[in-house]
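**Student:** My structure is in entry_17.pdb, and what it holds is PDB, C-alpha atoms:
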```
ATOM      1  CA  SER A 191       9.183  -2.255   3.653
ATOM      2  CA  ASN A 192      11.458  -4.564   1.767
ATOM      3  CA  HIS A 193       9.765  -6.278  -1.165
ATOM      4  CA  LEU A 194      10.033 -10.007  -1.897
ATOM      5  CA  THR A 195       6.620 -10.975  -3.337
ATOM      6  CA  ASN A 196       3.328  -9.576  -4.564
ATOM      7  CA  ALA A 197       1.826 -10.653  -1.221
ATOM      8  CA  ASP A 198       4.036  -8.412   0.952
ATOM      9  CA  ALA A 199       1.396  -5.686   1.231
ATOM     10  CA  GLU A 200      -1.254  -8.179   2.287
ATOM     11  CA  VAL A 201       1.083  -9.608   4.950
ATOM     12  CA  ILE A 202       1.742  -6.121   6.353
ATOM     13  CA  TYR A 203      -1.970  -5.333   6.382
ATOM     14  CA  GLN A 204      -2.846  -8.634   8.085
ATOM     15  CA  VAL A 205      -0.091  -8.293  10.718
ATOM     16  CA  PHE A 206      -1.346  -4.915  11.906
ATOM     17  CA  LYS A 207      -4.932  -6.146  11.805
ATOM     18  CA  ARG A 208      -4.281  -9.378  13.724
ATOM     19  CA  VAL A 209      -2.044  -8.012  16.484
ATOM     20  CA  GLY A 210      -4.609  -5.528  17.697
ATOM     21  CA  TYR A 211      -4.071  -2.546  15.410
ATOM     22  CA  SER A 212      -7.097  -3.004  13.164
ATOM     23  CA  ASN A 213      -7.876   0.738  13.263
ATOM     24  CA  LEU A 214      -4.345   1.433  12.041
ATOM     25  CA  ALA A 215      -4.610  -1.329   9.416
ATOM     26  CA  LYS A 216      -7.709   0.360   7.972
ATOM     27  CA  LYS A 217      -5.721   3.585   7.523
ATOM     28  CA  LEU A 218      -2.908   1.909   5.566
ATOM     29  CA  PHE A 219      -2.680   2.526   1.858
ATOM     30  CA  PHE A 220      -0.017   1.139  -0.436
ATOM     31  CA  LEU A 221       1.950   2.455  -3.380
ATOM     32  CA  GLU A 222       1.500  -0.408  -5.815
ATOM     33  CA  GLY A 223       3.119  -0.868  -9.200
ATOM     34  CA  GLU A 224       1.243  -0.916 -12.481
ATOM     35  CA  GLU A 225       2.334  -4.561 -12.959
ATOM     36  CA  LEU A 226      -0.116  -5.610 -10.230
ATOM     37  CA  ARG A 227      -3.057  -4.412 -12.279
ATOM     38  CA  ARG A 228      -1.809  -6.490 -15.208
ATOM     39  CA  THR A 229      -1.445  -9.738 -13.228
ATOM     40  CA  PRO A 230      -4.673 -11.546 -12.204
ATOM     41  CA  VAL A 231      -3.083 -13.497  -9.312
ATOM     42  CA  ALA A 232      -1.442 -10.334  -7.957
ATOM     43  CA  ARG A 233      -4.758  -8.484  -8.154
ATOM     44  CA  LEU A 234      -6.304 -11.275  -6.095
ATOM     45  CA  LEU A 235      -3.565 -10.994  -3.437
ATOM     46  CA  THR A 236      -4.032  -7.229  -3.094
ATOM     47  CA  ARG A 237      -7.799  -6.899  -3.317
ATOM     48  CA  SER A 238      -8.332  -6.057   0.386
ATOM     49  CA  GLN A 239      -5.963  -3.070   0.356
ATOM     50  CA  ASN A 240      -6.308   0.610  -0.276
ATOM     51  CA  ALA A 241      -3.853   1.417  -3.038
ATOM     52  CA  ILE A 242      -2.502   4.216  -5.154
ATOM     53  CA  PHE A 243      -0.898   2.966  -8.327
ATOM     54  CA  VAL A 244       2.448   4.137  -9.686
ATOM     55  CA  TRP A 245       4.271   3.252 -12.873
ATOM     56  CA  PRO A 246       7.729   2.125 -11.670
ATOM     57  CA  LYS A 247      11.013   2.371 -13.539
ATOM     58  CA  SER A 248      11.123  -1.430 -13.584
ATOM     59  CA  LEU A 249       8.318  -1.373 -16.189
ATOM     60  CA  PRO A 250       9.670   0.629 -19.148
ATOM     61  CA  PRO A 251       6.986   2.215 -21.357
ATOM     62  CA  GLN A 252       6.704   0.486 -24.735
ATOM     63  CA  ASN A 253       5.669   3.559 -26.717
ATOM     64  CA  GLU A 254       4.948   7.284 -26.423
ATOM     65  CA  GLU A 255       1.359   6.657 -25.314
ATOM     66  CA  GLU A 256       2.558   4.500 -22.414
ATOM     67  CA  ALA A 257       5.230   7.094 -21.539
ATOM     68  CA  LYS A 258       2.484   9.706 -21.303
ATOM     69  CA  ARG A 259       0.366   7.392 -19.131
ATOM     70  CA  GLN A 260       3.406   6.785 -16.910
ATOM     71  CA  ARG A 261       3.946  10.528 -16.338
ATOM     72  CA  THR A 262       0.247  11.147 -15.709
ATOM     73  CA  MET A 263      -0.088   8.199 -13.320
ATOM     74  CA  ASN A 264       2.955   9.187 -11.275
ATOM     75  CA  ILE A 265       1.930  12.843 -10.973
ATOM     76  CA  LYS A 266      -1.564  11.743  -9.939
ATOM     77  CA  SER A 267      -0.094   9.329  -7.370
ATOM     78  CA  LEU A 268       1.747  12.204  -5.657
ATOM     79  CA  ARG A 269      -1.407  14.330  -5.549
ATOM     80  CA  ASP A 270      -3.590  11.461  -4.298
ATOM     81  CA  THR A 271      -0.988  10.437  -1.704
ATOM     82  CA  LYS A 272      -0.806  13.957  -0.318
ATOM     83  CA  GLN A 273      -4.595  14.099   0.024
ATOM     84  CA  ALA A 274      -4.688  10.708   1.751
ATOM     85  CA  LEU A 275      -1.920  11.692   4.191
ATOM     86  CA  GLU A 276      -3.681  14.949   5.005
ATOM     87  CA  ARG A 277      -6.808  12.928   5.854
ATOM     88  CA  GLY A 278      -4.821  10.830   8.348
ATOM     89  CA  HIS A 279      -4.079   7.759   6.263
ATOM     90  CA  ILE A 280      -0.720   5.980   6.466
ATOM     91  CA  LEU A 281       1.401   5.365   3.374
ATOM     92  CA  VAL A 282       3.244   2.059   2.934
ATOM     93  CA  THR A 283       5.976   2.090   0.294
ATOM     94  CA  PHE A 284       8.410  -0.420  -1.130
ATOM     95  CA  PRO A 285      11.455   1.786  -1.800
ATOM     96  CA  GLU A 286      13.192  -0.856  -3.923
ATOM     97  CA  GLY A 287      10.676  -0.045  -6.646
ATOM     98  CA  GLY A 288       9.971  -3.716  -7.361
ATOM     99  CA  ARG A 289      10.386  -7.187  -5.957
ATOM    100  CA  SER A 290      13.825  -8.537  -5.180
ATOM    101  CA  TYR A 291      14.032 -11.811  -7.083
ATOM    102  CA  GLU A 292      17.370 -12.628  -5.430
ATOM    103  CA  GLY A 293      15.949 -12.188  -1.915
ATOM    104  CA  LYS A 294      18.374  -9.426  -0.911
ATOM    105  CA  LEU A 295      17.644  -5.714  -0.550
ATOM    106  CA  LYS A 296      18.026  -3.834  -3.823
ATOM    107  CA  GLN A 297      19.084  -0.222  -4.214
ATOM    108  CA  GLY A 298      16.253   2.113  -3.211
ATOM    109  CA  GLU A 299      14.576   4.305  -5.833
ATOM    110  CA  PRO A 300      15.378   8.010  -5.194
ATOM    111  CA  GLY A 301      11.892   8.967  -6.429
ATOM    112  CA  ILE A 302      10.395   7.580  -3.205
ATOM    113  CA  ALA A 303      11.837  10.652  -1.455
ATOM    114  CA  HIS A 304       9.169  12.805  -3.159
ATOM    115  CA  TYR A 305       6.488  10.978  -1.173
ATOM    116  CA  LEU A 306       8.349  11.684   2.075
ATOM    117  CA  LYS A 307       8.157  15.451   1.499
ATOM    118  CA  LEU A 308       4.415  15.713   0.847
ATOM    119  CA  VAL A 309       3.412  16.623   4.403
ATOM    120  CA  PRO A 310       5.434  18.132   7.262
ATOM    121  CA  ASN A 311       6.669  16.141  10.258
ATOM    122  CA  THR A 312       6.783  12.844   8.378
ATOM    123  CA  VAL A 313       7.989   9.839  10.344
ATOM    124  CA  VAL A 314       9.029   6.563   8.699
ATOM    125  CA  LEU A 315       8.524   3.238  10.471
ATOM    126  CA  PRO A 316      10.844   0.677   8.842
ATOM    127  CA  VAL A 317       9.253  -2.773   8.543
ATOM    128  CA  VAL A 318      10.519  -5.972   6.953
ATOM    129  CA  VAL A 319       8.950  -9.253   5.897
ATOM    130  CA  TRP A 320      10.653 -12.527   4.991
ATOM    131  CA  GLY A 321       9.643 -16.143   4.588
ATOM    132  CA  ILE A 322       6.756 -15.128   2.321
ATOM    133  CA  GLU A 323       8.965 -15.838  -0.716
ATOM    134  CA  LYS A 324       8.911 -19.528   0.289
ATOM    135  CA  ILE A 325       5.110 -19.513   0.115
ATOM    136  CA  ILE A 326       4.864 -17.506  -3.096
ATOM    137  CA  PRO A 327       8.191 -17.932  -4.923
ATOM    138  CA  PRO A 328       9.097 -15.103  -7.291
ATOM    139  CA  ARG A 329       8.909 -15.772 -11.027
ATOM    140  CA  LYS A 330       6.416 -18.631 -10.550
ATOM    141  CA  LYS A 331       3.100 -18.081 -12.307
ATOM    142  CA  LEU A 332       0.978 -20.521 -10.326
ATOM    143  CA  VAL A 333       1.966 -22.042  -7.028
ATOM    144  CA  LEU A 334       0.151 -24.102  -4.419
ATOM    145  CA  PRO A 335       1.048 -22.188  -1.215
ATOM    146  CA  ASN A 336       2.299 -23.983   1.878
ATOM    147  CA  PRO A 337      -0.034 -22.742   4.661
ATOM    148  CA  PHE A 338       2.387 -23.926   7.380
ATOM    149  CA  GLN A 339       5.386 -21.886   6.226
ATOM    150  CA  LYS A 340       6.360 -19.293   8.828
ATOM    151  CA  VAL A 341       6.328 -15.654   7.724
ATOM    152  CA  ASN A 342       8.412 -13.169   9.703
ATOM    153  CA  PHE A 343       7.552  -9.516  10.283
ATOM    154  CA  VAL A 344       9.677  -7.025  12.209
ATOM    155  CA  ALA A 345       9.059  -3.313  12.818
ATOM    156  CA  GLY A 346      11.988  -1.060  13.627
ATOM    157  CA  THR A 347      12.494   2.315  15.263
ATOM    158  CA  PRO A 348      10.700   5.329  13.745
ATOM    159  CA  ILE A 349      12.899   7.731  11.773
ATOM    160  CA  GLU A 350      12.066  11.448  11.649
ATOM    161  CA  VAL A 351      12.367  12.490   8.011
ATOM    162  CA  ASP A 352      12.775  16.294   8.234
ATOM    163  CA  SER A 353      16.055  15.948  10.141
ATOM    164  CA  LEU A 354      17.203  13.341   7.625
ATOM    165  CA  PHE A 355      16.660  15.754   4.724
ATOM    166  CA  GLU A 356      18.499  18.386   6.769
ATOM    167  CA  GLN A 357      21.589  16.122   6.906
ATOM    168  CA  TYR A 358      21.741  16.080   3.092
ATOM    169  CA  LYS A 359      20.686  19.710   2.438
ATOM    170  CA  ASP A 360      24.041  20.794   0.936
ATOM    171  CA  TYR A 361      24.017  18.033  -1.703
ATOM    172  CA  PRO A 362      22.550  18.363  -5.239
ATOM    173  CA  ILE A 363      18.826  17.486  -5.283
ATOM    174  CA  ASP A 364      19.250  14.067  -6.915
ATOM    175  CA  GLU A 365      21.899  13.172  -4.323
ATOM    176  CA  ILE A 366      19.643  14.393  -1.526
ATOM    177  CA  ASN A 367      16.872  12.037  -2.607
ATOM    178  CA  SER A 368      19.274   9.127  -3.123
ATOM    179  CA  GLY A 369      20.954   9.771   0.220
ATOM    180  CA  VAL A 370      17.706   9.903   2.179
ATOM    181  CA  VAL A 371      16.286   6.730   0.634
ATOM    182  CA  ASP A 372      19.616   4.916   0.970
ATOM    183  CA  HIS A 373      19.873   5.985   4.627
ATOM    184  CA  LEU A 374      16.362   4.683   5.356
ATOM    185  CA  MET A 375      17.173   1.335   3.768
ATOM    186  CA  ARG A 376      20.631   0.911   5.341
ATOM    187  CA  LYS A 377      19.788   2.226   8.818
ATOM    188  CA  GLY A 378      16.101   1.356   8.921
ATOM    189  CA  ASN A 379      15.361  -1.834   6.987
ATOM    190  CA  ALA A 380      18.670  -3.706   6.637
ATOM    191  CA  PRO A 381      19.408  -4.132  10.375
ATOM    192  CA  LEU A 382      15.999  -5.764  10.878
ATOM    193  CA  LEU A 383      16.679  -8.514   8.347
ATOM    194  CA  PRO A 384      18.698 -11.710   8.755
ATOM    195  CA  GLN A 385      22.083 -11.407   7.023
ATOM    196  CA  GLN A 386      21.074 -13.426   3.944
ATOM    197  CA  TYR A 387      18.305 -10.899   3.127
ATOM    198  CA  ARG A 388      20.396  -7.728   3.532
TER     199      ARG A 388
END
```
Just give me the structure as structure tokens.
**Tutor:**
Amino acid sequence: SNHLTNADAEVIYQVFKRVGYSNLAKKLFFLEGEELRRTPVARLLTRSQNAIFVWPKSLPPQNEEEAKRQRTMNIKSLRDTKQALERGHILVTFPEGGRSYEGKLKQGEPGIAHYLKLVPNTVVLPVVVWGIEKIIPPRKKLVLPNPFQKVNFVAGTPIEVDSLFEQYKDYPIDEINSGVVDHLMRKGNAPLLPQQYR
């Protein structure tokens, strides 16, 4: 999914739950950034979700101890994600690696590609959300939400990941990961969004 606010995951969860896919909604689990654990309001918005925490590049470690925690957390997130996928759960990621404060898609993080290779026959369903940033504006600490603001959710066409990696197989590994994530964002997410969010 694209990523505009700390409530995006909750919106995705609620959409699947409310449109008749509550069994699917229960299987969703989210890659969530370490910042969420440090923000009380964000923790409140994400309390109903299954989550695996990662330490994103957007939160630089402040010392060697934090750098060690970052490495440990991210290695553990790959292991825990693989186990969850093997048990039939469904991973939801935000490939931008953090919220877009400008409202437009940011460059995807190549590291997300590692999560796409954990189990065979992976399929990605691109989804996008917008309008939520008008309810919970970015960079605002405390906001009284407008309960009548419309939130939009669109799901795209599934993309088979093995064939996507095959397209980039002759590139260096870092370019493979960048190419796959970029392809998913440009061909999967961007066309689903209104022009001003692309």
**Student:** Which residues are near stretch 211-221 of chain A? Cut-off 12 Å, all atoms listed in the file, ignore same chain within fewer than 4 positions. Put them as a compact mmCIF listing (two decimals) with C-alpha atoms, in the frame of the given file.
**Tutor:**
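Resulting contents of part-v2.txt:
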```txt
# COMPACT_ATOMS: atom_id res chain seq x y z
CA SER A 191 9.18 -2.26 3.65
CA HIS A 193 9.76 -6.28 -1.16
CA ASN A 196 3.33 -9.58 -4.56
CA ALA A 197 1.83 -10.65 -1.22
CA ASP A 198 4.04 -8.41 0.95
CA ALA A 199 1.40 -5.69 1.23
CA GLU A 200 -1.25 -8.18 2.29
CA VAL A 201 1.08 -9.61 4.95
CA ILE A 202 1.74 -6.12 6.35
CA TYR A 203 -1.97 -5.33 6.38
CA GLN A 204 -2.85 -8.63 8.09
CA VAL A 205 -0.09 -8.29 10.72
CA PHE A 206 -1.35 -4.92 11.91
CA LYS A 207 -4.93 -6.15 11.80
CA GLU A 225 2.33 -4.56 -12.96
CA LEU A 226 -0.12 -5.61 -10.23
CA THR A 236 -4.03 -7.23 -3.09
CA ARG A 237 -7.80 -6.90 -3.32
CA SER A 238 -8.33 -6.06 0.39
CA GLN A 239 -5.96 -3.07 0.36
CA ASN A 240 -6.31 0.61 -0.28
CA ALA A 241 -3.85 1.42 -3.04
CA ILE A 242 -2.50 4.22 -5.15
CA PHE A 243 -0.90 2.97 -8.33
CA VAL A 244 2.45 4.14 -9.69
CA TRP A 245 4.27 3.25 -12.87
CA PRO A 246 7.73 2.12 -11.67
CA MET A 263 -0.09 8.20 -13.32
CA ASN A 264 2.96 9.19 -11.28
CA LYS A 266 -1.56 11.74 -9.94
CA SER A 267 -0.09 9.33 -7.37
CA LEU A 268 1.75 12.20 -5.66
CA ASP A 270 -3.59 11.46 -4.30
CA THR A 271 -0.99 10.44 -1.70
CA LYS A 272 -0.81 13.96 -0.32
CA GLN A 273 -4.60 14.10 0.02
CA ALA A 274 -4.69 10.71 1.75
CA LEU A 275 -1.92 11.69 4.19
CA GLU A 276 -3.68 14.95 5.00
CA ARG A 277 -6.81 12.93 5.85
CA GLY A 278 -4.82 10.83 8.35
CA HIS A 279 -4.08 7.76 6.26
CA ILE A 280 -0.72 5.98 6.47
CA LEU A 281 1.40 5.36 3.37
CA VAL A 282 3.24 2.06 2.93
CA THR A 283 5.98 2.09 0.29
CA PHE A 284 8.41 -0.42 -1.13
CA PRO A 285 11.46 1.79 -1.80
CA GLU A 286 13.19 -0.86 -3.92
CA GLY A 287 10.68 -0.04 -6.65
CA GLY A 288 9.97 -3.72 -7.36
CA ILE A 302 10.40 7.58 -3.20
CA TYR A 305 6.49 10.98 -1.17
```
**Student:** Quick one: pull the distance between atom CA of A:Phe343 and atom CA of A:Ser368, Å, one decimal.
**Tutor:**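 Straight-line distance from atom CA of A:Phe343 to atom CA of A:Ser368 works out to 25.8 Å.
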**Student:** List every protein, DNA or RNA residue that has at least one atom no more than 7 Å from (17.2, 3.0, -3.3) in the file's coordinates, counting all atoms listed in the file, and write the result as a count of residues only.
**Tutor:** 10
**Student:** Between A:Leu194, A:Glu365, A:Thr347, A:Gly321, which residue has the minimum interatomic distance to A:Pro381, considering all atoms listed in the file?
**Tutor:**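 Result for the nearest residue to A:Pro381: A:Thr347.
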**Student:** To one decimal place in Å, what is the distance between atom CA of A:Glu224 and atom CA of A:Gln260?
**Tutor:**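 Spanning atom CA of A:Glu224 to atom CA of A:Gln260 is a straight-line distance of 9.1 Å.
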**Student:** Skip A:Leu354 itself and residues of its chain fewer than 2 positions away, then list as JSON, numbers by chain all residues within 10 Å of it, counting all atoms listed in the file.
**Tutor:** {"A": [349, 350, 351, 352, 356, 357, 358, 359, 366, 369, 370, 371, 373, 374]}
**Student:** How many Å lie between atom CA of A:Gly223 and atom CA of A:Leu308, rounded to one decimal?
**Tutor:**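 It comes out at 19.4 Å.
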**Student:** Taking into account only C-alpha atoms, which residue in the set A:Val318, A:Val341, A:Ile325, A:His304 is nearest to A:Phe355?
**Tutor:**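 So, comparing all the options, the nearest one is A:His304.
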**Student:** Specify the axis-aligned box that encloses all atoms of stretch 241-252 of chain A listed in the file after padding of 5 Å on each side, stating its centre and edge lengths in Å to one decimal as lines of an AutoDock Vina configuration file.
**Tutor:**
```
center_x = 3.6
center_y = 1.4
center_z = -13.9
size_x = 25.0
size_y = 15.6
size_z = 31.7
```
